[in-house]
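Visitor: Contents of protein-v5.csv (CSV, N, CA and C atoms) are below:
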chain,number,residue,atom,x,y,z
A,17,VAL,N,4.9,28.1,52.7
A,17,VAL,CA,5.2,26.9,53.5
A,17,VAL,C,5.7,27.4,54.8
A,18,GLN,N,5.3,26.7,55.9
A,18,GLN,CA,5.9,27.0,57.2
A,18,GLN,C,7.0,26.1,57.5
A,19,LEU,N,8.0,26.7,58.2
A,19,LEU,CA,9.3,25.9,58.4
A,19,LEU,C,9.6,25.9,59.9
A,20,GLN,N,10.1,24.8,60.4
A,20,GLN,CA,10.4,24.7,61.8
A,20,GLN,C,11.8,24.0,61.9
A,21,ALA,N,12.8,24.8,62.3
A,21,ALA,CA,14.1,24.3,62.5
A,21,ALA,C,14.4,23.7,63.9
A,22,SER,N,15.2,22.7,63.9
A,22,SER,CA,15.6,22.1,65.2
A,22,SER,C,16.9,21.4,65.1
A,23,GLY,N,17.5,21.0,66.3
A,23,GLY,CA,18.7,20.3,66.3
A,23,GLY,C,19.9,21.0,66.7
A,24,GLY,N,19.8,22.3,67.0
A,24,GLY,CA,20.9,23.1,67.5
A,24,GLY,C,21.3,22.7,68.9
A,25,GLY,N,22.5,23.2,69.3
A,25,GLY,CA,22.9,22.9,70.7
A,25,GLY,C,24.3,23.4,70.9
A,26,VAL,N,25.0,22.9,71.9
A,26,VAL,CA,26.3,23.2,72.3
A,26,VAL,C,27.2,22.0,72.0
A,27,VAL,N,28.3,22.2,71.3
A,27,VAL,CA,29.2,21.1,70.9
A,27,VAL,C,30.6,21.6,71.0
A,28,GLN,N,31.5,20.7,71.3
A,28,GLN,CA,32.9,21.1,71.3
A,28,GLN,C,33.5,21.2,69.9
A,29,ALA,N,34.5,22.0,69.7
A,29,ALA,CA,35.2,22.1,68.4
A,29,ALA,C,35.6,20.7,67.9
A,30,GLY,N,35.4,20.4,66.7
A,30,GLY,CA,35.6,19.1,66.1
A,30,GLY,C,34.4,18.2,66.1
A,31,GLY,N,33.4,18.5,66.8
A,31,GLY,CA,32.2,17.7,66.9
A,31,GLY,C,31.3,17.9,65.8
A,32,SER,N,30.1,17.2,65.9
A,32,SER,CA,29.1,17.2,64.8
A,32,SER,C,27.7,17.5,65.4
A,33,LEU,N,26.9,18.0,64.5
A,33,LEU,CA,25.5,18.2,64.8
A,33,LEU,C,24.7,18.0,63.5
A,34,ARG,N,23.4,17.6,63.6
A,34,ARG,CA,22.6,17.6,62.5
A,34,ARG,C,21.4,18.5,62.7
A,35,LEU,N,21.2,19.4,61.9
A,35,LEU,CA,20.0,20.3,62.0
A,35,LEU,C,18.9,19.7,61.1
A,36,SER,N,17.7,19.9,61.5
A,36,SER,CA,16.5,19.5,60.7
A,36,SER,C,15.6,20.7,60.5
A,37,CYS,N,14.9,20.7,59.4
A,37,CYS,CA,13.9,21.7,59.2
A,37,CYS,C,12.7,21.0,58.6
A,38,ALA,N,11.6,21.0,59.4
A,38,ALA,CA,10.3,20.4,58.9
A,38,ALA,C,9.4,21.4,58.3
A,39,ALA,N,8.9,21.0,57.1
A,39,ALA,CA,8.0,21.9,56.4
A,39,ALA,C,6.5,21.4,56.5
A,40,SER,N,5.6,22.4,56.4
A,40,SER,CA,4.2,22.1,56.4
A,40,SER,C,3.5,23.2,55.7
A,41,GLY,N,2.3,22.9,55.3
A,41,GLY,CA,1.4,23.9,54.7
A,41,GLY,C,1.4,24.0,53.2
A,42,ASP,N,2.3,23.3,52.5
A,42,ASP,CA,2.4,23.4,51.1
A,42,ASP,C,3.2,22.2,50.6
A,43,THR,N,3.2,22.0,49.3
A,43,THR,CA,4.0,20.9,48.7
A,43,THR,C,5.5,21.2,48.8
A,44,PHE,N,6.1,20.4,49.7
A,44,PHE,CA,7.5,20.7,50.0
A,44,PHE,C,8.4,20.6,48.8
A,45,SER,N,8.1,19.6,47.9
A,45,SER,CA,9.0,19.4,46.8
A,45,SER,C,9.0,20.5,45.7
A,46,ARG,N,8.1,21.5,45.9
A,46,ARG,CA,8.0,22.7,45.0
A,46,ARG,C,9.1,23.7,45.4
A,47,TYR,N,9.7,23.5,46.6
A,47,TYR,CA,10.6,24.5,47.1
A,47,TYR,C,12.0,24.2,47.1
A,48,ARG,N,12.8,25.1,46.6
A,48,ARG,CA,14.3,25.0,46.7
A,48,ARG,C,14.5,25.4,48.2
A,49,MET,N,15.5,24.8,48.8
A,49,MET,CA,15.7,25.1,50.2
A,49,MET,C,17.1,25.6,50.5
A,50,GLY,N,17.3,26.3,51.5
A,50,GLY,CA,18.6,26.8,51.9
A,50,GLY,C,18.7,26.9,53.4
A,51,TRP,N,20.0,26.9,53.9
A,51,TRP,CA,20.3,27.1,55.2
A,51,TRP,C,21.2,28.4,55.3
A,52,PHE,N,20.9,29.3,56.2
A,52,PHE,CA,21.6,30.5,56.4
A,52,PHE,C,22.0,30.5,57.9
A,53,ARG,N,23.0,31.4,58.2
A,53,ARG,CA,23.3,31.6,59.6
A,53,ARG,C,23.6,33.0,59.9
A,54,GLN,N,23.4,33.4,61.2
A,54,GLN,CA,23.7,34.7,61.6
A,54,GLN,C,24.4,34.7,62.9
A,55,ALA,N,25.6,35.2,63.0
A,55,ALA,CA,26.4,35.4,64.2
A,55,ALA,C,26.1,36.7,64.8
A,56,PRO,N,26.3,36.9,66.1
A,56,PRO,CA,26.1,38.2,66.7
A,56,PRO,C,26.9,39.3,66.1
A,57,GLY,N,26.2,40.4,65.7
A,57,GLY,CA,26.8,41.5,65.1
A,57,GLY,C,27.1,41.4,63.6
A,58,LYS,N,26.7,40.3,63.0
A,58,LYS,CA,27.0,40.1,61.6
A,58,LYS,C,25.7,39.9,60.8
A,59,GLU,N,25.9,40.1,59.5
A,59,GLU,CA,24.7,39.9,58.7
A,59,GLU,C,24.4,38.4,58.5
A,60,ARG,N,23.2,38.1,58.1
A,60,ARG,CA,22.8,36.7,57.8
A,60,ARG,C,23.5,36.2,56.6
A,61,GLU,N,24.2,35.1,56.6
A,61,GLU,CA,25.0,34.6,55.5
A,61,GLU,C,24.5,33.2,55.0
A,62,PHE,N,24.7,33.0,53.7
A,62,PHE,CA,24.3,31.7,53.1
A,62,PHE,C,25.3,30.6,53.6
A,63,VAL,N,24.7,29.5,53.9
A,63,VAL,CA,25.5,28.3,54.2
A,63,VAL,C,25.5,27.2,53.2
A,64,ALA,N,24.2,26.8,52.8
A,64,ALA,CA,24.1,25.7,51.9
A,64,ALA,C,22.7,25.8,51.2
A,65,GLY,N,22.6,25.3,50.0
A,65,GLY,CA,21.3,25.2,49.3
A,65,GLY,C,21.1,23.9,48.6
A,66,ILE,N,19.9,23.6,48.3
A,66,ILE,CA,19.6,22.3,47.6
A,66,ILE,C,18.4,22.5,46.7
A,67,SER,N,18.5,21.8,45.6
A,67,SER,CA,17.4,21.9,44.6
A,67,SER,C,16.2,21.2,45.0
A,68,ARG,N,15.2,21.3,44.2
A,68,ARG,CA,13.9,20.6,44.6
A,68,ARG,C,14.0,19.1,44.7
A,69,SER,N,14.7,18.5,43.8
A,69,SER,CA,14.9,17.1,43.8
A,69,SER,C,16.0,16.6,44.7
A,70,GLY,N,16.9,17.5,45.1
A,70,GLY,CA,18.0,17.2,45.9
A,70,GLY,C,19.2,16.8,45.0
A,71,GLY,N,19.1,16.9,43.7
A,71,GLY,CA,20.2,16.6,42.9
A,71,GLY,C,21.3,17.6,42.8
A,72,MET,N,21.0,18.8,43.1
A,72,MET,CA,22.0,19.9,43.1
A,72,MET,C,22.2,20.5,44.5
A,73,THR,N,23.4,20.7,44.9
A,73,THR,CA,23.7,21.3,46.2
A,73,THR,C,24.7,22.4,46.0
A,74,TYR,N,24.7,23.3,46.9
A,74,TYR,CA,25.6,24.5,46.9
A,74,TYR,C,26.0,24.8,48.3
A,75,TYR,N,27.3,25.2,48.4
A,75,TYR,CA,27.9,25.5,49.7
A,75,TYR,C,28.7,26.8,49.7
A,76,THR,N,28.7,27.5,50.7
A,76,THR,CA,29.7,28.6,50.9
A,76,THR,C,31.1,27.9,51.1
A,77,ASP,N,32.1,28.6,50.7
A,77,ASP,CA,33.4,28.0,50.8
A,77,ASP,C,33.8,27.6,52.2
A,78,SER,N,33.5,28.3,53.2
A,78,SER,CA,33.9,28.0,54.5
A,78,SER,C,33.4,26.7,55.1
A,79,VAL,N,32.4,26.1,54.5
A,79,VAL,CA,31.8,24.9,55.0
A,79,VAL,C,32.0,23.7,54.1
A,80,LYS,N,32.5,23.9,52.9
A,80,LYS,CA,32.7,22.8,51.9
A,80,LYS,C,33.5,21.8,52.6
A,81,GLY,N,33.1,20.5,52.4
A,81,GLY,CA,33.8,19.4,52.9
A,81,GLY,C,33.5,19.1,54.4
A,82,ARG,N,32.8,20.0,55.0
A,82,ARG,CA,32.4,19.8,56.5
A,82,ARG,C,30.9,19.6,56.7
A,83,PHE,N,30.2,20.4,55.9
A,83,PHE,CA,28.7,20.4,56.0
A,83,PHE,C,28.1,19.7,54.8
A,84,THR,N,26.9,19.0,55.0
A,84,THR,CA,26.2,18.4,53.9
A,84,THR,C,24.7,18.7,54.1
A,85,ILE,N,24.2,19.2,53.0
A,85,ILE,CA,22.7,19.5,53.0
A,85,ILE,C,22.0,18.4,52.2
A,86,SER,N,20.9,18.0,52.7
A,86,SER,CA,20.1,16.9,52.1
A,86,SER,C,18.6,17.1,52.4
A,87,ARG,N,17.8,16.4,51.7
A,87,ARG,CA,16.4,16.6,51.9
A,87,ARG,C,15.7,15.2,51.7
A,88,ASP,N,14.5,15.1,52.3
A,88,ASP,CA,13.7,14.0,52.2
A,88,ASP,C,12.3,14.5,51.9
A,89,ASN,N,11.9,14.5,50.6
A,89,ASN,CA,10.7,15.1,50.2
A,89,ASN,C,9.5,14.3,50.7
A,90,ALA,N,9.6,13.0,50.9
A,90,ALA,CA,8.5,12.2,51.5
A,90,ALA,C,8.3,12.6,53.0
A,91,ALA,N,9.3,13.1,53.6
A,91,ALA,CA,9.2,13.4,55.0
A,91,ALA,C,9.1,15.0,55.2
A,92,ASN,N,9.1,15.7,54.1
A,92,ASN,CA,9.0,17.2,54.1
A,92,ASN,C,10.0,17.8,55.0
A,93,THR,N,11.2,17.3,54.9
A,93,THR,CA,12.3,17.8,55.8
A,93,THR,C,13.6,18.0,55.0
A,94,VAL,N,14.3,19.1,55.4
A,94,VAL,CA,15.6,19.3,54.9
A,94,VAL,C,16.6,19.2,56.1
A,95,TYR,N,17.8,18.8,55.8
A,95,TYR,CA,18.8,18.5,56.9
A,95,TYR,C,20.1,19.3,56.6
A,96,LEU,N,20.8,19.6,57.6
A,96,LEU,CA,22.1,20.1,57.5
A,96,LEU,C,23.0,19.3,58.4
A,97,GLN,N,23.8,18.4,57.9
A,97,GLN,CA,24.8,17.6,58.7
A,97,GLN,C,26.1,18.5,58.8
A,98,MET,N,26.4,18.8,60.0
A,98,MET,CA,27.6,19.6,60.2
A,98,MET,C,28.7,18.8,61.0
A,99,SER,N,29.9,18.7,60.4
A,99,SER,CA,31.0,18.0,61.0
A,99,SER,C,32.2,18.9,61.1
A,100,THR,N,33.1,18.4,61.9
A,100,THR,CA,34.4,19.2,62.2
A,100,THR,C,34.0,20.6,62.5
A,101,LEU,N,33.2,20.8,63.4
A,101,LEU,CA,32.7,22.1,63.7
A,101,LEU,C,33.8,23.0,64.3
A,102,LYS,N,33.7,24.3,64.0
A,102,LYS,CA,34.7,25.2,64.5
A,102,LYS,C,34.0,26.3,65.3
A,103,PRO,N,34.7,27.0,66.2
A,103,PRO,CA,34.1,28.1,66.9
A,103,PRO,C,33.4,29.1,66.0
A,104,GLU,N,34.0,29.4,64.9
A,104,GLU,CA,33.5,30.4,64.0
A,104,GLU,C,32.2,29.9,63.3
A,105,ASP,N,31.8,28.7,63.5
A,105,ASP,CA,30.5,28.2,63.0
A,105,ASP,C,29.3,28.6,64.0
A,106,THR,N,29.7,29.1,65.2
A,106,THR,CA,28.7,29.5,66.1
A,106,THR,C,27.8,30.6,65.6
A,107,ALA,N,26.5,30.4,65.6
A,107,ALA,CA,25.5,31.3,65.0
A,107,ALA,C,24.1,30.7,65.2
A,108,VAL,N,23.1,31.5,64.9
A,108,VAL,CA,21.8,31.0,64.8
A,108,VAL,C,21.6,30.6,63.4
A,109,TYR,N,21.1,29.4,63.2
A,109,TYR,CA,21.0,28.8,61.8
A,109,TYR,C,19.5,28.8,61.5
A,110,TYR,N,19.2,29.3,60.3
A,110,TYR,CA,17.9,29.4,59.7
A,110,TYR,C,17.7,28.6,58.5
A,111,CYS,N,16.6,27.9,58.4
A,111,CYS,CA,16.3,27.3,57.1
A,111,CYS,C,15.3,28.2,56.3
A,112,ALA,N,15.3,28.1,55.0
A,112,ALA,CA,14.5,29.0,54.2
A,112,ALA,C,14.1,28.2,53.0
A,113,GLY,N,12.9,28.6,52.5
A,113,GLY,CA,12.3,28.0,51.3
A,113,GLY,C,12.1,29.0,50.2
A,114,MET,N,12.4,28.6,48.9
A,114,MET,CA,12.2,29.5,47.8
A,114,MET,C,11.3,28.8,46.8
A,115,SER,N,10.3,29.5,46.3
A,115,SER,CA,9.4,28.9,45.4
A,115,SER,C,9.6,29.3,43.9
A,116,LEU,N,10.7,30.0,43.6
A,116,LEU,CA,11.0,30.4,42.2
A,116,LEU,C,11.1,29.2,41.3
A,117,ASP,N,10.6,29.4,40.1
A,117,ASP,CA,10.7,28.3,39.1
A,117,ASP,C,12.0,28.3,38.5
A,118,TYR,N,12.7,29.5,38.4
A,118,TYR,CA,14.0,29.6,37.8
A,118,TYR,C,15.0,30.1,38.8
A,119,CYS,N,16.0,29.3,39.0
A,119,CYS,CA,17.1,29.7,40.0
A,119,CYS,C,18.4,29.1,39.5
A,120,PRO,N,19.1,29.8,38.7
A,120,PRO,CA,20.3,29.3,38.0
A,120,PRO,C,21.6,29.2,38.8
A,121,GLY,N,21.6,28.4,39.8
A,121,GLY,CA,22.9,28.2,40.4
A,121,GLY,C,23.2,28.9,41.7
A,122,TYR,N,24.5,28.9,42.0
A,122,TYR,CA,24.9,29.4,43.4
A,122,TYR,C,24.4,30.8,43.7
A,123,GLY,N,24.6,31.7,42.7
A,123,GLY,CA,24.3,33.1,43.0
A,123,GLY,C,22.8,33.3,43.4
A,124,CYS,N,22.0,32.4,42.8
A,124,CYS,CA,20.5,32.5,43.2
A,124,CYS,C,20.3,31.9,44.6
A,125,TYR,N,20.8,30.7,44.8
A,125,TYR,CA,20.6,30.1,46.1
A,125,TYR,C,21.2,30.9,47.2
A,126,ALA,N,22.2,31.6,47.0
A,126,ALA,CA,22.9,32.3,48.1
A,126,ALA,C,22.3,33.7,48.4
A,127,ASN,N,21.3,34.1,47.6
A,127,ASN,CA,20.7,35.4,47.7
A,127,ASN,C,19.5,35.2,48.7
A,128,ARG,N,19.6,35.7,49.9
A,128,ARG,CA,18.5,35.5,50.9
A,128,ARG,C,17.2,36.2,50.4
A,129,LEU,N,17.3,37.2,49.6
A,129,LEU,CA,16.1,37.9,49.1
A,129,LEU,C,15.2,37.0,48.2
A,130,LYS,N,15.8,35.9,47.7
A,130,LYS,CA,15.0,35.0,46.9
A,130,LYS,C,14.1,34.1,47.7
A,131,TYR,N,14.3,34.1,49.0
A,131,TYR,CA,13.6,33.1,49.8
A,131,TYR,C,12.4,33.8,50.4
A,132,GLY,N,11.2,33.2,50.3
A,132,GLY,CA,10.0,33.8,50.8
A,132,GLY,C,9.5,33.2,52.1
A,133,SER,N,10.1,32.1,52.5
A,133,SER,CA,9.7,31.4,53.8
A,133,SER,C,10.9,31.2,54.6
A,134,TRP,N,10.8,31.5,55.9
A,134,TRP,CA,11.9,31.3,56.9
A,134,TRP,C,11.4,30.6,58.1
A,135,GLY,N,12.3,29.7,58.6
A,135,GLY,CA,12.1,29.1,59.9
A,135,GLY,C,12.5,30.1,61.0
A,136,GLN,N,12.3,29.6,62.3
A,136,GLN,CA,12.5,30.5,63.4
A,136,GLN,C,14.0,30.6,63.9
A,137,GLY,N,14.8,29.7,63.4
A,137,GLY,CA,16.2,29.7,63.8
A,137,GLY,C,16.5,28.7,64.9
A,138,THR,N,17.7,28.2,64.9
A,138,THR,CA,18.1,27.3,66.0
A,138,THR,C,19.6,27.6,66.3
A,139,GLN,N,19.9,27.7,67.6
A,139,GLN,CA,21.2,28.2,68.0
A,139,GLN,C,22.3,27.0,67.9
A,140,VAL,N,23.4,27.3,67.3
A,140,VAL,CA,24.5,26.4,67.3
A,140,VAL,C,25.7,27.1,68.0
A,141,THR,N,26.2,26.5,69.0
A,141,THR,CA,27.4,27.1,69.8
A,141,THR,C,28.5,26.0,69.8
A,142,VAL,N,29.6,26.5,69.3
A,142,VAL,CA,30.8,25.6,69.2
A,142,VAL,C,31.8,26.1,70.2
A,143,SER,N,32.2,25.3,71.2
A,143,SER,CA,33.2,25.8,72.1
A,143,SER,C,34.5,25.3,71.8
A,144,SER,N,35.5,26.1,72.1
A,144,SER,CA,36.9,25.8,71.7
A,144,SER,C,37.6,25.0,72.9
When written as structure tokens, how does the structure in this file appear?

Guide:
Amino acid sequence: VQLQASGGGVVQAGGSLRLSCAASGDTFSRYRMGWFRQAPGKEREFVAGISRSGGMTYYTDSVKGRFTISRDNAANTVYLQMSTLKPEDTAVYYCAGMSLDYCPGYGCYANRLKYGSWGQGTQVTVSS
């Protein structure tokens, strides 16, 4: 599946942004989806993941209660609603797709090596 992320930008601390990731080239509902981010000089880290149906979601602790991942399988799109943004959320955000049939929970979704498809990234900058 090919992935195209969008929606990044510059926002003040406390503000909100919604990222979108449009999929094409395969049956979107077959893929578990994730959002990762990479700040300058740091490794790419897991942010959020969502199951094929959207019924299960997973978040890294630093974004729980502030970010919401969702998907619309009819529109072939996964979203990341980000609220109460902090300067430490500044990073390039990537969406990723995983076609594994078995993925038992957070540890699987958070493992970037499980994902075979990646979008190009979208920059999010939070100013203080």

Visitor: Nearest residue to Tyr95 of chain A out of A:Arg128, A:Trp51, A:Glu59, A:Val26, using only N, CA and C atoms?

Guide: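 Checking each candidate against Tyr95 of chain A, we get A:Trp51 as the closest.
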
Visitor: One decimal, in Å: what's the spacing between atom N of Ser36 of chain A and atom N of Gly57 of chain A?

Guide: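 Between these atoms lies a distance of 22.6 Å.
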
Visitor: If we count only N, CA and C atoms, what is near segment 75-84 of chain A at a cut-off of 6 Å, once residues fewer than 4 positions away on the same chain are taken out, given as an MDAnalysis selection string?

Guide: chainID A and resid 62:65 95:100

Visitor: Check the DSSP output for the backbone and give back, as a list in words, the residues of chain A in alpha helix (DSSP H).

Guide: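 Going through chain A, the alpha helix (DSSP H) residues come out as Tyr122, Gly123, Cys124 and Tyr125 of chain A.
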
Visitor: Hey, can you check how far atom N of Gly70 of chain A sits from atom CA of Tyr110 of chain A?

Guide: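 Interatomic distance, atom N of Gly70 of chain A to atom CA of Tyr110 of chain A: 18.9 Å.
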
Visitor: Pick the closest to Ala38 of chain A from A:Gln54, A:Gln20, A:Ser67, A:Asn89: which is it, counting only N, CA and C atoms?

Guide: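 The closest residue to Ala38 of chain A is A:Gln20.
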
Visitor: Can you tell me how far atom C of Trp134 of chain A sits from atom C of Arg87 of chain A, in Å to one decimal?

Guide: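 The value is 17.2 Å.
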
Visitor: For Thr43 of chain A, list every protein, DNA or RNA residue within 8 Å, evaluated using all atoms listed in the file, and leave out those in the same chain fewer than 3 positions away; present the list as a list of chain:residue names.

Guide: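 These residues fall inside the cut-off: A:Val17, A:Ala39, A:Ser40, A:Arg46, A:Tyr47, A:Asn92.
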
Visitor: If we count all atoms listed in the file and set the cut-off at 8 Å, which residues sit around Gly121 of chain A, ignoring sequence neighbours fewer than 4 positions away in its own chain? Please answer as a PyMOL selection string.

Guide: chain A and resi 73-74+125-126

Visitor: Given the choices A:Val140, A:Ile85, A:Leu19, A:Ala90, which gets closest to Tyr109 of chain A if the distance is worked out from all atoms listed in the file?

Guide: A:Val140

Visitor: Of the candidates A:Thr138, A:Thr93, A:Asn127, A:Gln28, which one gets nearest to Ser45 of chain A if we count only C-alpha atoms?

Guide: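 The answer is A:Thr93, which sits nearest to Ser45 of chain A.
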
Visitor: Using only N, CA and C atoms, determine which residues lie at most 6 Å from Thr106 of chain A, disregarding the query and same-chain residues fewer than 3 positions distant; provide the list as number ranges by chain.

Guide: A: 54-55, 102-103, 140-142

Visitor: Let's see if you can do this: from backbone DSSP, list all strand (DSSP E or B) residues in chain A, as a PyMOL selection string.

Guide: chain A and resi 18-22+25-28+33-40+48-54+61-66+73-75+83-88+93-98+107-114+133-134+138-143
